[in-house]
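Scroll down for the structure; my scribbles are underneath it.
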Amino acid sequence: MNEISKYFDSQSISTYILCPLKFKLYYIDKLGQLYKKQNATISLSETLHKVLSEFFILEEQKRNYTTIINLLNKNWISIGYSTNEEETDYKHRAITWLKNFTQGQSLNIIPRYINEYFRVRIDDFYIIGKIDRIDEIEGGVEIVDYKTSGSVPTQEEFDQDLQSGISAYACWTKLKLFPKKVSQIYLQYNQKITTIKTPQHLELVQKNIINIIKQIRLDDNFVPKPNNSCVWCDFLTVCPEMGMGAKIVKQENLEKEFKEINLKLEKSINDLYLLHRITLDISEFLDSTKLINSIPEFIKGLVDVDKVFVFIYDDEEKEFILKNNSLNKTLDKIFINQEFILQYLKLKEHEIPQSKIFSGNTINFLLPNIELDKDMLFLPLVAREKFLGFVLIEQKTKLKKFNNYSLSLLQNLTSHISLALHNIQLYELAITDGLTKLYIHRYFITRLEQEVRRAKRYGTIFSLLMLDIDYFKKVNDTYGHIVGDKILKKVAKILLSSVRDTDIVCRYGGEEFAIILLEADRFWAEKIADRIRNNVETAEFTALDKKIQITISVGAKEFYEKDTTEDLINKADQMLYLAKMMGRNRVVLYNEDVK
């Protein structure tokens with residue numbers, strides 16, 4: 001017979017049913033403290049159980065959402081989280097679950113017991129454990145247990161659930177209270193499932209427990225039983241079925257080696273979680289410029305590297321352009337021909353490049369004014385067999401080389417970035433004008449409606465500019481539409497360079513443009529409008545090798561709470577018309593005080 005304790009709880013019995021090897025390692029070999037680590041799931045569970053136990057001790061009138069969130073902040077357990085982001089994510093989950101709990105569960109019950117511990121003798125052993133809550137109901141009591149993880153079982157599965165049966169048996173045997181109902185509340189789903197108990201059920205529970213304990217005592221092999229929980233098992237590294245099958249650490253001189261291996265595994269888990277969080281952030285981008293600007297931050301947040309440079313292929317220029325870097329300074333634009341890159345990588349025209357490590361002095365021609373004295377990792381941005389660009393990453397020190405682990409992490413990250421960038425570029429093609437690369441009319445209307453709703457809800461400010469190229473029809477008639485198209489493209493570039501990245505520049509139609517200036521009042525709008533007007537007036541335009549003068553007229557309107565989308569467009573358009581009537585090449589601001 002195995003040397004097994006005479007004390008069993010519902011958790012240990014459930015563990016044996018789930019996997020005999022896990023039971024042996026925990027309860028016979030006593031390796032729980034060596035292998036078990038406080039993790040996010042355990043911390044969240046302990047926190048929520050503490051919160052709910054204190055919540056139902058309070059008087060009924062004090063049980064509300066504000067109180068339960070205050071209890072959450074008071075009892076929050078911060079250990080076990082791999083990153084601040086993970087802890088924030090879990091706390092947000094807890095707040096959501098508790099909010100749903102206060103809205104979907106009865107708060108006016110009067111518990112008979114809270115956190116009731118029990119010890120019940122059966123044959124020559126004891127069953128021990130804790131019941132979260134026991135409530136008075138008609139004809140008996142109801143046992144309530146809180147669940148913070150796992151899926152909601154079917155009614156049939158719950159009727160046969162051993163843990164609920166043990167709680168009911170202990171309630172009847174120790175407290176002499178008949179457990180008419182046993183319920184579990186799954187906080188994640190705000191769902192309560194209940195089973196009805198009878199005296200016959202409790203007799204069956206007793207027999208079942210006795211049979212399981214006999215089976216444990218007769219078990220000599222404790223064969224592992226693979227199951228859905230294996231990937232979260234504390235003993236995964238030593239499991240011969242699901243893990244590495246490493247030797248179980250018992251001797252004192254092996255503890256150091258075990259701890260080192262365990263630290264590496266924990267780092268891998270943390271890195272994978274961080275990679276998961278970053279990919280979620282990447283998936284939320286709808287603007288290619290914002291995504292490209294975030295790439296160095298994403299990379300340096302995942303792997304300890306020195307410098308990061310991002311090159312993106314420009315379809316118009318037919319070259320790779322340095323779009324961003326991690327040096328926190330603006331670098332001169334660097335253009336690299338696609339054919340040159342392919343030749344350097346020894347690839348044919350349609351071949352897909354692969355990751356490659358170069359020494360800094362062999363690749364510094366790509367960044368001629370930057371000192372590169374350490375190894376550089378070349379990571380291509382490829383999606384749907386399209387070469388979108390590449391990232392150059394310099395290792396942290398000469399001694400700290402890129403290894404397979406860091407390379408794998410970075411390749412996974414850049415594959416997500418590539419796919420997101422490709423999808424954003426397709427989206428931007430759908431919402432931008434092919435000639436000017438500005439947003440199209442339909443997108444302008446959508447964004448303007450959004451800004452109107454946002455301003456009315458949050459009290460923010462913004463302004464609208466309507467712009468028109470003066471005498472543009474005459475330019476087309478005199479020099480032809482090809483020249484006219486070149487002028488439209490140049491004016492569009494001037495508009496983009498004259499406003500902030502956050503402002504929304506659109507081609508309204510023909511030679512007319514519209515700009516939504518975010519967080520800009522009437523005075524700031526007038527200043528920006530005049531800057532645009534001056535930049536166009538002083539720019540050099542040519543037609544058939546002759547310099548020509550191009551000017552624009554601008555109408556400006558600040559948003560007021562009473563304005564609708566149509567009001568803004570009409571009033572800004574009226575000011576644009578007035579600017580033309582007053583002689584063109586000027587800005588006219590709508591004045592709310594003048595009727």
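Letters A, B, ... go to the chains of the structure tokens in the order shown; residues in each chain start at 1; ligands are counted from 1 in the same order.
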Problem set entry | Those in segment 331-425 of chain A with alpha helix (DSSP H) from DSSP, as a PyMOL selection string | chain A and resi 338-344+360-363+404-425
Do a neighbour search on segment 378-382 of chain A at 9 Å with only C-alpha atoms, toss out local chain neighbours closer than 6 positions, and write the hits as a PDB file with C-alpha atoms, in the first residue's frame.
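Result file is result_15.pdb:
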ATOM      1  CA  ILE A 312       8.970  50.279 -47.079  1.00  0.00           C
ATOM      2  CA  ILE A 352      10.935  35.842 -51.930  1.00  0.00           C
ATOM      3  CA  PRO A 353      13.797  37.026 -49.648  1.00  0.00           C
ATOM      4  CA  GLN A 354      14.536  35.263 -46.369  1.00  0.00           C
ATOM      5  CA  SER A 355      15.880  36.464 -43.035  1.00  0.00           C
ATOM      6  CA  LYS A 356      19.632  36.853 -42.999  1.00  0.00           C
ATOM      7  CA  ILE A 357      22.348  38.081 -40.633  1.00  0.00           C
ATOM      8  CA  PHE A 358      24.997  40.472 -42.028  1.00  0.00           C
ATOM      9  CA  LEU A 388       6.503  45.053 -48.953  1.00  0.00           C
ATOM     10  CA  GLY A 389       9.756  46.149 -47.348  1.00  0.00           C
ATOM     11  CA  PHE A 390      12.312  45.053 -44.814  1.00  0.00           C
ATOM     12  CA  VAL A 391      13.552  45.765 -41.309  1.00  0.00           C
ATOM     13  CA  LEU A 392      17.236  46.070 -40.327  1.00  0.00           C
ATOM     14  CA  ILE A 393      17.955  45.300 -36.673  1.00  0.00           C
ATOM     15  CA  LEU A 410      11.254  38.350 -34.532  1.00  0.00           C
ATOM     16  CA  GLN A 411      10.222  36.319 -37.587  1.00  0.00           C
ATOM     17  CA  THR A 414       7.361  40.575 -38.632  1.00  0.00           C
ATOM     18  CA  SER A 415       5.041  38.036 -40.271  1.00  0.00           C
ATOM     19  CA  ILE A 417       3.329  43.076 -39.176  1.00  0.00           C
ATOM     20  CA  SER A 418       3.602  42.143 -42.872  1.00  0.00           C
ATOM     21  CA  LEU A 419       0.083  40.751 -43.071  1.00  0.00           C
ATOM     22  CA  LEU A 421       0.519  46.174 -43.422  1.00  0.00           C
ATOM     23  CA  HIS A 422      -0.667  44.404 -46.573  1.00  0.00           C
TER      24      HIS A 422
END
Exercise. Could you pull the residues within 8 Å of Leu275 of chain A, counting only C-alpha atoms, minus those fewer than 3 positions along the same chain, as a count of residues only?
Worked result: 7
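For segment 66-114 of chain A, backbone-based DSSP assignment of strand (DSSP E) covers A:Pro111, A:Arg112, A:Tyr113, A:Ile114.
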Output the selection as a CSV table (one decimal), in the first residue's frame - N, CA and C atoms for each residue.
chain,number,residue,atom,x,y,z
A,111,PRO,N,-26.5,34.9,3.3
A,111,PRO,CA,-25.8,33.6,3.5
A,111,PRO,C,-25.8,33.1,4.9
A,112,ARG,N,-26.0,31.7,5.0
A,112,ARG,CA,-25.9,31.1,6.3
A,112,ARG,C,-24.5,30.9,6.7
A,113,TYR,N,-23.6,30.6,5.7
A,113,TYR,CA,-22.2,30.4,6.0
A,113,TYR,C,-21.4,31.0,4.8
A,114,ILE,N,-20.2,31.6,5.0
A,114,ILE,CA,-19.3,32.0,4.0
A,114,ILE,C,-17.9,31.4,4.3
Exercise. Which is closest to Leu187 of chain A among A:Ile482, A:Leu377, A:Ile95, A:Leu342, if we use only C-alpha atoms?
Worked result: A:Ile95
Exercise. Could you name the residues that touch Asp145 of chain A at 9 Å or less, counting only C-alpha atoms, but leaving out those on the same chain fewer than 5 positions away, as a ChimeraX atom specification?
Worked result: /A:131-134,164,182-186
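Considering only C-alpha atoms, the residue among A:Asp123, A:Glu266, A:Glu59, A:Glu371 positioned nearest to Asn211 of chain A is A:Asp123.
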For this session: Would you list the contacts of segment 14-19 of chain A as a PyMOL selection string, taking every protein, DNA or RNA residue within 6 Å and counting only C-alpha atoms, but skipping same-chain residues closer than 3 positions in sequence?
Result: chain A and resi 10-11+22-23+224-225
Problem set entry | Atomic separation - atom CA of Ser326 of chain A relative to atom CA of Thr83 of chain A, Å |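 Going from atom CA of Thr83 of chain A over to atom CA of Ser326 of chain A, I get 22.6 Å.
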Exercise. From the list A:Ser463, A:Ser149, A:Ser229, A:Asn270, which residue is nearest Gly80 of chain A when using only C-alpha atoms?
Worked result: A:Asn270
Exercise. Which residues, written as a VMD selection string, have at least one atom at most 7 Å from segment 513-518 of chain A, with only C-alpha atoms counted and residues fewer than 6 positions away on the same chain left out?
Worked result: chain A and resid 461 to 468 503 to 507
Can you write out the residues you just picked, keeping C-alpha atoms, as a PDB file, in the first residue's frame?
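This went into part_6.pdb:
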ATOM      1  CA  ILE A 461     -13.250  70.795 -31.083  1.00  0.00           C
ATOM      2  CA  PHE A 462     -12.321  70.625 -34.745  1.00  0.00           C
ATOM      3  CA  SER A 463     -12.593  72.720 -37.894  1.00  0.00           C
ATOM      4  CA  LEU A 464     -13.286  72.121 -41.560  1.00  0.00           C
ATOM      5  CA  LEU A 465     -11.466  73.673 -44.521  1.00  0.00           C
ATOM      6  CA  MET A 466     -12.850  73.645 -48.049  1.00  0.00           C
ATOM      7  CA  LEU A 467     -10.220  74.531 -50.691  1.00  0.00           C
ATOM      8  CA  ASP A 468     -10.329  75.090 -54.444  1.00  0.00           C
ATOM      9  CA  ASP A 503      -5.460  65.802 -39.795  1.00  0.00           C
ATOM     10  CA  ILE A 504      -7.609  64.305 -42.549  1.00  0.00           C
ATOM     11  CA  VAL A 505      -6.888  65.574 -46.081  1.00  0.00           C
ATOM     12  CA  CYS A 506      -9.383  64.610 -48.809  1.00  0.00           C
ATOM     13  CA  ARG A 507     -10.061  65.211 -52.465  1.00  0.00           C
TER      14      ARG A 507
END
Exercise. Which is closer to Leu72 of chain A than all the others in A:Ser45, A:Thr436, A:Glu86, A:Phe340, using only C-alpha atoms?
Worked result: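 Of A:Ser45, A:Thr436, A:Glu86, A:Phe340, the one nearest Leu72 of chain A, counting only C-alpha atoms, is A:Ser45.
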Problem set entry | Distance query Glu46 of chain A at most 9 Å, only C-alpha atoms, self and fewer than 5 positions along chain excluded, as a ChimeraX atom specification | /A:41,51,76-77
Could the residues in this selection be written to a file with C-alpha atoms, as a PDB file, in the first residue's frame?
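Output contents, as saved in selection-v9.pdb:
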ATOM      1  CA  THR A  41      -5.006  32.467 -13.226  1.00  0.00           C
ATOM      2  CA  VAL A  51     -13.741  39.882  -2.946  1.00  0.00           C
ATOM      3  CA  TRP A  76      -5.959  42.636  -5.703  1.00  0.00           C
ATOM      4  CA  ILE A  77      -3.067  40.124  -5.774  1.00  0.00           C
TER       5      ILE A  77
END
Give me the segment 451-550 of chain A side of the contact with segment 582-590 of chain A, cut-off 12 Å, one line per residue showing its nearest atom pair and distance in Å at one decimal, counting only C-alpha atoms, sorted by chain and residue number, as a tab-separated table.
residue	atom	partner	partner_atom	distance
A:Ser463	CA	A:Leu589	CA	10.4
A:Leu464	CA	A:Leu589	CA	10.2
A:Leu465	CA	A:Leu589	CA	9.2
A:Met466	CA	A:Val587	CA	9.9
A:Leu467	CA	A:Val587	CA	9.1
A:Asp468	CA	A:Arg584	CA	9.5
A:Ile469	CA	A:Asn585	CA	8.8
A:Asp470	CA	A:Arg584	CA	6.7
A:Tyr471	CA	A:Arg584	CA	9.2
A:Asp521	CA	A:Leu589	CA	11.2
A:Arg522	CA	A:Leu589	CA	7.5
A:Phe523	CA	A:Leu589	CA	8.9
A:Trp524	CA	A:Leu589	CA	10.9
A:Ala525	CA	A:Leu589	CA	8.5
A:Glu526	CA	A:Leu589	CA	6.6
A:Lys527	CA	A:Val587	CA	9.4
A:Ile528	CA	A:Val587	CA	10.0
A:Ala529	CA	A:Val587	CA	6.6
A:Asp530	CA	A:Val587	CA	6.3
A:Arg531	CA	A:Val587	CA	9.9
A:Ile532	CA	A:Val587	CA	9.7
A:Arg533	CA	A:Asn585	CA	6.9
A:Asn534	CA	A:Asn585	CA	8.7
A:Asn535	CA	A:Asn585	CA	11.3
A:Val536	CA	A:Asn585	CA	9.5
A:Glu537	CA	A:Asn585	CA	8.0
A:Thr538	CA	A:Asn585	CA	11.6
A:Gln549	CA	A:Asn585	CA	11.0
A:Ile550	CA	A:Asn585	CA	9.1
Could you take the residues named above and write them with N, CA and C atoms, as a JSON list (two decimals), in the first residue's frame?
[["chain", "number", "residue", "atom", "x", "y", "z"],
["A", 463, "SER", "N", -12.17, 71.78, -36.86],
["A", 463, "SER", "CA", -12.59, 72.72, -37.89],
["A", 463, "SER", "C", -12.53, 72.06, -39.26],
["A", 464, "LEU", "N", -13.25, 72.63, -40.19],
["A", 464, "LEU", "CA", -13.29, 72.12, -41.56],
["A", 464, "LEU", "C", -12.81, 73.19, -42.52],
["A", 465, "LEU", "N", -11.91, 72.79, -43.43],
["A", 465, "LEU", "CA", -11.47, 73.67, -44.52],
["A", 465, "LEU", "C", -11.97, 73.12, -45.84],
["A", 466, "MET", "N", -12.52, 73.98, -46.66],
["A", 466, "MET", "CA", -12.85, 73.65, -48.05],
["A", 466, "MET", "C", -11.95, 74.49, -48.94],
["A", 467, "LEU", "N", -11.22, 73.85, -49.87],
["A", 467, "LEU", "CA", -10.22, 74.53, -50.69],
["A", 467, "LEU", "C", -10.48, 74.27, -52.17],
["A", 468, "ASP", "N", -10.13, 75.23, -53.00],
["A", 468, "ASP", "CA", -10.33, 75.09, -54.44],
["A", 468, "ASP", "C", -9.17, 75.77, -55.17],
["A", 469, "ILE", "N", -8.64, 75.10, -56.21],
["A", 469, "ILE", "CA", -7.56, 75.70, -57.00],
["A", 469, "ILE", "C", -8.17, 76.78, -57.90],
["A", 470, "ASP", "N", -7.59, 77.97, -57.82],
["A", 470, "ASP", "CA", -8.12, 79.10, -58.59],
["A", 470, "ASP", "C", -7.86, 78.92, -60.10],
["A", 471, "TYR", "N", -8.88, 79.21, -60.88],
["A", 471, "TYR", "CA", -8.79, 79.20, -62.36],
["A", 471, "TYR", "C", -8.25, 77.87, -62.90],
["A", 521, "ASP", "N", -9.40, 75.08, -33.16],
["A", 521, "ASP", "CA", -10.49, 76.06, -33.11],
["A", 521, "ASP", "C", -10.40, 76.98, -34.32],
["A", 522, "ARG", "N", -11.29, 77.99, -34.38],
["A", 522, "ARG", "CA", -11.39, 78.87, -35.56],
["A", 522, "ARG", "C", -10.10, 79.65, -35.81],
["A", 523, "PHE", "N", -9.41, 80.05, -34.74],
["A", 523, "PHE", "CA", -8.20, 80.85, -34.91],
["A", 523, "PHE", "C", -7.05, 79.99, -35.44],
["A", 524, "TRP", "N", -6.93, 78.77, -34.89],
["A", 524, "TRP", "CA", -5.90, 77.84, -35.36],
["A", 524, "TRP", "C", -6.20, 77.41, -36.80],
["A", 525, "ALA", "N", -7.48, 77.22, -37.11],
["A", 525, "ALA", "CA", -7.88, 76.83, -38.47],
["A", 525, "ALA", "C", -7.51, 77.92, -39.47],
["A", 526, "GLU", "N", -7.73, 79.16, -39.08],
["A", 526, "GLU", "CA", -7.40, 80.26, -39.98],
["A", 526, "GLU", "C", -5.90, 80.34, -40.22],
["A", 527, "LYS", "N", -5.13, 80.09, -39.16],
["A", 527, "LYS", "CA", -3.67, 80.14, -39.28],
["A", 527, "LYS", "C", -3.17, 79.03, -40.20],
["A", 528, "ILE", "N", -3.68, 77.81, -40.03],
["A", 528, "ILE", "CA", -3.26, 76.68, -40.89],
["A", 528, "ILE", "C", -3.69, 76.94, -42.33],
["A", 529, "ALA", "N", -4.92, 77.43, -42.50],
["A", 529, "ALA", "CA", -5.43, 77.69, -43.85],
["A", 529, "ALA", "C", -4.55, 78.70, -44.59],
["A", 530, "ASP", "N", -4.12, 79.74, -43.86],
["A", 530, "ASP", "CA", -3.27, 80.75, -44.51],
["A", 530, "ASP", "C", -1.88, 80.18, -44.80],
["A", 531, "ARG", "N", -1.41, 79.28, -43.95],
["A", 531, "ARG", "CA", -0.12, 78.63, -44.22],
["A", 531, "ARG", "C", -0.22, 77.81, -45.51],
["A", 532, "ILE", "N", -1.31, 77.06, -45.67],
["A", 532, "ILE", "CA", -1.51, 76.26, -46.88],
["A", 532, "ILE", "C", -1.57, 77.17, -48.10],
["A", 533, "ARG", "N", -2.35, 78.26, -47.97],
["A", 533, "ARG", "CA", -2.50, 79.19, -49.10],
["A", 533, "ARG", "C", -1.15, 79.76, -49.52],
["A", 534, "ASN", "N", -0.33, 80.13, -48.53],
["A", 534, "ASN", "CA", 0.99, 80.70, -48.82],
["A", 534, "ASN", "C", 1.93, 79.65, -49.43],
["A", 535, "ASN", "N", 1.87, 78.42, -48.91],
["A", 535, "ASN", "CA", 2.74, 77.36, -49.44],
["A", 535, "ASN", "C", 2.43, 77.05, -50.90],
["A", 536, "VAL", "N", 1.15, 77.09, -51.26],
["A", 536, "VAL", "CA", 0.78, 76.85, -52.66],
["A", 536, "VAL", "C", 1.23, 78.03, -53.52],
["A", 537, "GLU", "N", 1.00, 79.24, -53.05],
["A", 537, "GLU", "CA", 1.35, 80.44, -53.82],
["A", 537, "GLU", "C", 2.85, 80.52, -54.09],
["A", 538, "THR", "N", 3.67, 80.12, -53.13],
["A", 538, "THR", "CA", 5.13, 80.24, -53.29],
["A", 538, "THR", "C", 5.78, 79.01, -53.92],
["A", 549, "GLN", "N", 1.73, 80.41, -62.27],
["A", 549, "GLN", "CA", 1.31, 80.74, -60.91],
["A", 549, "GLN", "C", 0.04, 79.97, -60.56],
["A", 550, "ILE", "N", 0.11, 79.25, -59.44],
["A", 550, "ILE", "CA", -1.07, 78.53, -58.95],
["A", 550, "ILE", "C", -1.40, 79.05, -57.56]]
